[in-house]
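**Q** Can you read through this structure? Questions will come right after.
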Amino acid sequence: MPPFVLVDGSYFLFRAYHALPPLTTSTGLQTNAIRGAISAIQKLMRRIQPTHMAVIFDTPEPTFRHVLSPIYKGDRPSMPDELSQQIPYLHNLIRALGIPLYTLPGAEADDVIGTLAKRAEKEGHQVLISTGDKDMAQLVTDKVTLEDSFKDKPMDVNGVFEKFGVWPNQIIDYLTLMGDASDGIRGVPGVGAKTAAKLLTEYGSIGGILENVDQIKGKVGQSIKDNVEGITLDHQLASIVIDLDLNLTHDDLKLRDPAVEQLRSLYTELEFRNQLQSLDHPNNPNSSVYKQSAQAIQASARPQQNIPTEDQADSTSVDDQLGQSTYHTVLSQADWDTLFTRLNNEKRFAFDTETTSLDYRIAEMVGFSVAFDADDAYYVPLAHDYEGAPEQLNRETILSQIKPILENASVDKIGHHLKYDAHILQNHGIELQGWYFDTMLASYVVNSVATRHGMDDVARLYLSHLTTTYEQVAGKGVKQKTFNQIEIETAAHYAAEDAHVTYRLYEVLSEKLKASPELDNILHKIEMPVARVLTHMEENGIELDLKFLDQLSVEFSNTIQNLEQQVIELAGEPFNVSSPKQVGEILFEKLGIKGGKKTSTGQYSTSESILEKIDHPISALILEYRGLSKLKSTYTDGLQKQANNNSARVHTSYHQALTATGRLSSTDPNLQNIPIRAEIGRQIRKAFVAPEGRVLLAADYSQIELRLMAHLSQDEALVHAFQHGQDVHRRTAAEVLSIELEDVTHDQRRQAKAVNFGLLYGMSEFGLIRQLGFSREESQNYIKQYFHRYPGIYEYMQRTRQIASEQGFVETILGRRLYTPDIDARNMMVRKAAERAAINAPLQGSAADIIKIAMIEVDKMLPKDQAKMLLQVHDELVFEVDADLADELAPKLADIMQSVVKLSVPLIVEVGKGNNWDEAH
C-alpha cells in the first residue's frame with residue numbers, strides 16, 4: 001500500500017520560483033512558481049501513486065513563534081509581488097486536480113504536517129513528507145520518511161544520522177544549539193553543526209549537556225552557561241507542533257476526480273499549452289473523454305511528448321492547426337539547388353533566422369527558414385555542431401549565394417521582428433533590403449494591448465495556434481541548449497514552423513490592416529521604416545567615458561553610505577536600509593509613524609507612494625538612498641558592464657512593440673529612465689560622449705504634448721499662447737489667477753506648469769494637493785478656474801472619455817488606434833485609471849508618431865559618413881556629427897523635425913551641441 005504523502009507546499013512554491021526563469025503570460029502574470037511546483041507535485045505522485053495526500057501551505061498570519069520571539073524569521077526578505085500573485089493560482093490548480101490542500105491561519109505548514117504525520121503514524125500508515133526543510137528531520141521514525149522531491153533523496157532514521165550526525169529525536173536539540181539564522185533561532189554562540197553533533201553524541205540531549213556543563217571546557221562551556229535562557233526559547237521555536245486541533249479525517253485527504261472545466265479555465269488563463277491540449281486528448285486521463293480518479297490520473301499521466309517532426313504529428317501539429325502543410329529540411333546540394341531556384345524566382349517570402357544567442361551583437365547564424373505560401377516551409381541548417389550532427393551545407397557558401405536576394409529591395413521580405421534578423425545578417429556581411437511586412441509590428445499596430453507581440457502570443461491570438469516554444473526544443477534553465485546544439489530533426493520542425501506561422505500571420509494581419517487605411521499606413525510608412533532606422537542606431541551605439549563613470553560610481557557609493565548612516569541615526573539603531581521589511585518595522589513600529597499598511601504577506605508596504613506621504617525626515621532620506629542606489633547599479637555600474645570592450649560604445653536595444661501608445665522603449669541600457677531634469681541625471685548624461693573630431697547634437701521637441709493638446713482641443717487661449725510664442729506656463733498662471741503676465745512669480749509659474757503637465761496625465765485635485773501642497777479647497781478652486789479659462793481642454797477631456805467608452809479606443813492625429821479595455825470597468829479605480837490613460841493616449845501616441853516620422857525623414861538627409869543618429873529618448877534625438885559640420889547641420893535638423901506634420905500651433909525643436917550629452921541637451 002502506498003504511503004500517505006504530505007507535501008510542504010510553501011517549500012515547493014519558493015523552490016520552483018527561484019529555480020526557474022521568470023516565465024510570464026501574455027498579460028504579464030509570472031507563472032514559473034506555478035509551473036515548477038505543479039510539475040514537482042505531479043512527478044512525485046506518478047512515482048508514489050498515493051491514494052491519500054495533502055499539500056500544506058503557510059499563511060501570512062503570525063504564529064505563536066512570532067509572539068515568543070520578535071526576531072523569529074525577521075531577516076527573511078519580503079515576498080516579491082511576482083511570487084505572491086502566483087499563490088492563488090497554484091492553490092486553485094492543486095484543488096482542481098483533485099489534490100487536498102490545507103492551510104491553518106496562525107500555524108506554520110510544519111506544524112500541520114507534524115500533526116498529520118503523527119496522527120497517520122498512530123493509525124498505522126506509512127508517511128512520506130516531501131520538503132527541503134531540515135527542521136522536519138525531527139519527525140522521522142520507522143514509519144515516517146523525509147525526502148526532497150526536487151532532489152529525489154529519501155531520508156529515513158539512518159539517513160538523518162548520516163546527514164546530521166544525530167538521530168531524529170535529537171534534531172530539536174541540534175537546531176537549538178547550532179541555531180538557524182533564517183528562522184531567527186540564535187543558537188549558542190560558538191557552537192556550529194559539528195560541535196552540536198559532538199555534544200549530543202556525548203551527552204545525549206540538551207538536558208544532559210546542561211547537567212554536565214561544568215565538564216565542558218573552554219569557550220563552548222562558558223557560552224552554554226551564558227545562554228541558558230536563550231536555549232529554552234530556541235528549543236520552543238525549533239520544536240514542530242504535533243498536536244494541533246485539525247478538523248480533518250483520513251478520508252478527507254483522499255484524492256478526488258479532477259474538475260476538468262476548472263482546469264480548462266485555469267490552463268487557458270495561465271497559458272499552459274501542453275496541459276490545455278492534454279485535457280481533450282482521448283488517451284489522456286485528465287481529458288473530459290477519459291476521466292478517472294486523481295490517483296489514476298497521476299499514475300498514468302504521460303510525460304511531455306517530444307516535439308513532432310515531419311514524420312510525427314499530434315494534436316498540436318501545424319497540419320491540424322493551420323491546414324495541410326509540409327516542412328522540408330534542406331541538407332543535400334540537390335535540395336538546396338531546388339530551393340535556391342525558387343528563391344531566385346519568387347518576389348515575396350517569409351524569412352527567419354536561427355541563431356546561437358538572443359543578443360544580436362554576439363549571435364551567429366545556425367540556419368534559416370523560408371516560406372513562400374501556406375503550403376510548405378523550408379529549414380536550411382548550416383551550423384549545428386552537436387556530436388553526431390549530419391553534414392550540412394557550407395554556411396559561407398550558402399550566405400554568399402542568397403546575399404543578392406536578401407539585398408534586393410524589389411524582393412519583399414516578411415518576418416517576425418525583422419530588425420533582429422537584419423542584425424544577424426549584418427553580422428555575416430548582408431545588408432537586408434526589401435523590408436515589406438513585419439508581423440510583430442503588424443500585430444502591434446492592429447491592437448497594441450490585445451496581447452504581447454512575440455510569435456507564440458500572436459499566433460495564439462490570430463491563428464488559434466499554439467506554437468512549439470523554444471523551451472520545448474532547447475530545455476530550460478542552466479541546462480538549456482543553444483540552437484546549434486539541438487538535433488536537426490527537432491530544430492527543423494521548430495524553425496520551419498516559424499517561417500510558416502509568419503507567413504500565415506502575414507495573410508491574416510494584412511487583411512485586418514487593409515480594412516483601415518490609416519493603420520496600414522502606420523505600419524508601412526512609420527513602423528517598418530523606423531525599424532530599419534533603429535537597426536542602424538543600435539549598430540552605431542554611443543561612446544562612453546568609462547573613467548568618468550568609474551569616478552561617478554565612487555561618488556555615488558560615498559553618498560549612499562552617508563545617506564545610510566543618516567537614516568540609521570534617525571532610526572536610533574542599525575538595520576538594513578535596503579530591506580523593505582526592516583524599513584517598515586523601523587518606520588511604523590520603532591518610530592511609531594502613522595500610515596503604515598500591511599500587504600498580504602503581513603509586512604508593511606514601503607513603496608514610493610507610501611514614503612512620499614510620510615512627514616518625517618527619514619522617509620526623504622530613504623527615498624534618496626533607494627533612488628541613488630538604483631541609479632548606481634543601473635547606470636554608473638551597469639553602463640560600464642554593457643560597454644563594448646574594444647570601442648567603449650554602448651548599444652541600447654529599442655523595442656517598438658511594448659508600450660500601449662506607440663512610444664519606443666529601450667533596454668540594455670534603458671535610457672528612458674535617466675532622471676533628465678535632476679542634477680544627478682545630468683551627471684550621468686555627461687558620461688555619454690563624442691569621439692575625437694566629433695560632437696553630439698541633441699534635437700528636442702519643446703512641449704510637444706502641450707502643443708498637441710492645443711491642436712486637439714482647439715482651446716483658443718492655449719492655441720493663442722503657442723501661436724504668439726508666449727511662455728505657456730506663465731500665461732496659464734496669469735489666466736487662472738487673473739493677473740498680468742509680468743506679475744506672475746516664479747512659484748506661480750511652477751504651479752501652473754505642474755497643472756499643465758499634470759492634466760495631460762489626468763492629475764486630480766488630490767494630485768495637486770500632493771504635488772503643490774494645496775489644501776483640498778485650493779486645489780478644487782484652481783482646477784475649476786483652470787477649466788473656466790481653458791474650456792476647450794475640458795471639452796477635449798470629456799469628449800475623449802466618451803469616445804473611449806463608445807468605441808473602446810482613441811486615436812492619434814495619424815489614426816493609430818489606442819485601445820482602452822478597462823474604460824467601462826466596474827471597479828471605479830480601474831475605470832478612472834483607464835479614463836486618464838484615454839485622455840493622455842492621443843497626446844503621447846501622436847508625439848510618438850511625430851518623432852518616428854522625424855527619425856525617418858532625418859535619416860534620409862544625414863550625410864552618412866559625417867553624421868550618425870545614435871539615440872531616441874522621449875522627445876529627443878541625439879546625433880554624432882563631425883565637428884566642422886555641426887553648426888551647418890543643426891538648423892537643417894530643426895527644420896525637418898518641425899515640418900513633419902502640420903498642426904494648429906508651431907512645432908518647435910531646440911538643438912544643442914556639446915562634447916557630451918549633457919552639454920548638448
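Identifiers in the C-alpha cells: chain A, B, ... in order shown; residue index from 1 per chain; ligand index from 1 in order shown.
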I'd like to know which residues of range 224-461 of chain A are strand (DSSP E or B) (by DSSP, run on the backbone); could you write them as a PyMOL selection string?
**A** chain A and resi 254+326-329+348-355+365-371+376-381+412-415+435-438
**Q** Quick one: everything within 10 Å of Ala363 in chain A, counting only C-alpha atoms, minus sequence neighbours fewer than 3 positions away in the same chain. Send it as a VMD selection string.
**A** chain A and resid 354 to 360 366 423 to 424 427
**Q** Next, the residues of the selection above should be written as a short mmCIF file (atom, residue, chain, number, x, y, z; two decimals), in the first residue's frame with N, CA and C atoms.
**A**
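again_9.cif was written with the following content:
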```cif
data_model
loop_
_atom_site.label_atom_id
_atom_site.label_comp_id
_atom_site.auth_asym_id
_atom_site.auth_seq_id
_atom_site.Cartn_x
_atom_site.Cartn_y
_atom_site.Cartn_z
N GLU A 354 17.77 31.37 -37.33
CA GLU A 354 18.01 30.67 -36.07
C GLU A 354 19.46 30.90 -35.70
N THR A 355 19.68 31.25 -34.43
CA THR A 355 21.00 31.74 -34.03
C THR A 355 21.48 31.13 -32.71
N THR A 356 22.68 31.49 -32.35
CA THR A 356 23.28 30.98 -31.11
C THR A 356 22.92 31.80 -29.89
N SER A 357 22.31 32.98 -30.08
CA SER A 357 22.02 33.85 -28.95
C SER A 357 20.92 34.84 -29.30
N LEU A 358 20.17 35.29 -28.26
CA LEU A 358 19.19 36.37 -28.47
C LEU A 358 19.87 37.72 -28.57
N ASP A 359 21.11 37.82 -28.11
CA ASP A 359 21.87 39.06 -28.19
C ASP A 359 22.47 39.16 -29.58
N TYR A 360 21.90 40.04 -30.40
CA TYR A 360 22.31 40.12 -31.80
C TYR A 360 23.78 40.49 -31.95
N VAL A 366 22.77 29.89 -37.19
CA VAL A 366 22.83 28.43 -37.17
C VAL A 366 22.11 27.86 -38.39
N HIS A 423 20.00 42.37 -38.02
CA HIS A 423 21.26 42.40 -37.27
C HIS A 423 22.08 41.14 -37.52
N ILE A 424 21.41 39.99 -37.50
CA ILE A 424 22.12 38.72 -37.70
C ILE A 424 22.75 38.68 -39.08
N ASN A 427 25.76 40.76 -39.23
CA ASN A 427 26.92 40.08 -38.65
C ASN A 427 27.65 39.22 -39.67
#
```
**Q** Please provide the set of residues having any atom within 12 Å of Pro675 in chain A, restricted to only C-alpha atoms, with same-chain residues fewer than 4 positions apart removed, written as an MDAnalysis selection string.
**A** chainID A and resid 627:628 630:631 635 670:671 679:685 873:874
**Q** Please provide the set of residues having any atom within 6 Å of range 248-262 of chain A, restricted to only C-alpha atoms, with same-chain residues fewer than 5 positions apart removed, written as a PyMOL selection string.
**A** chain A and resi 51-53+96-100+293-294
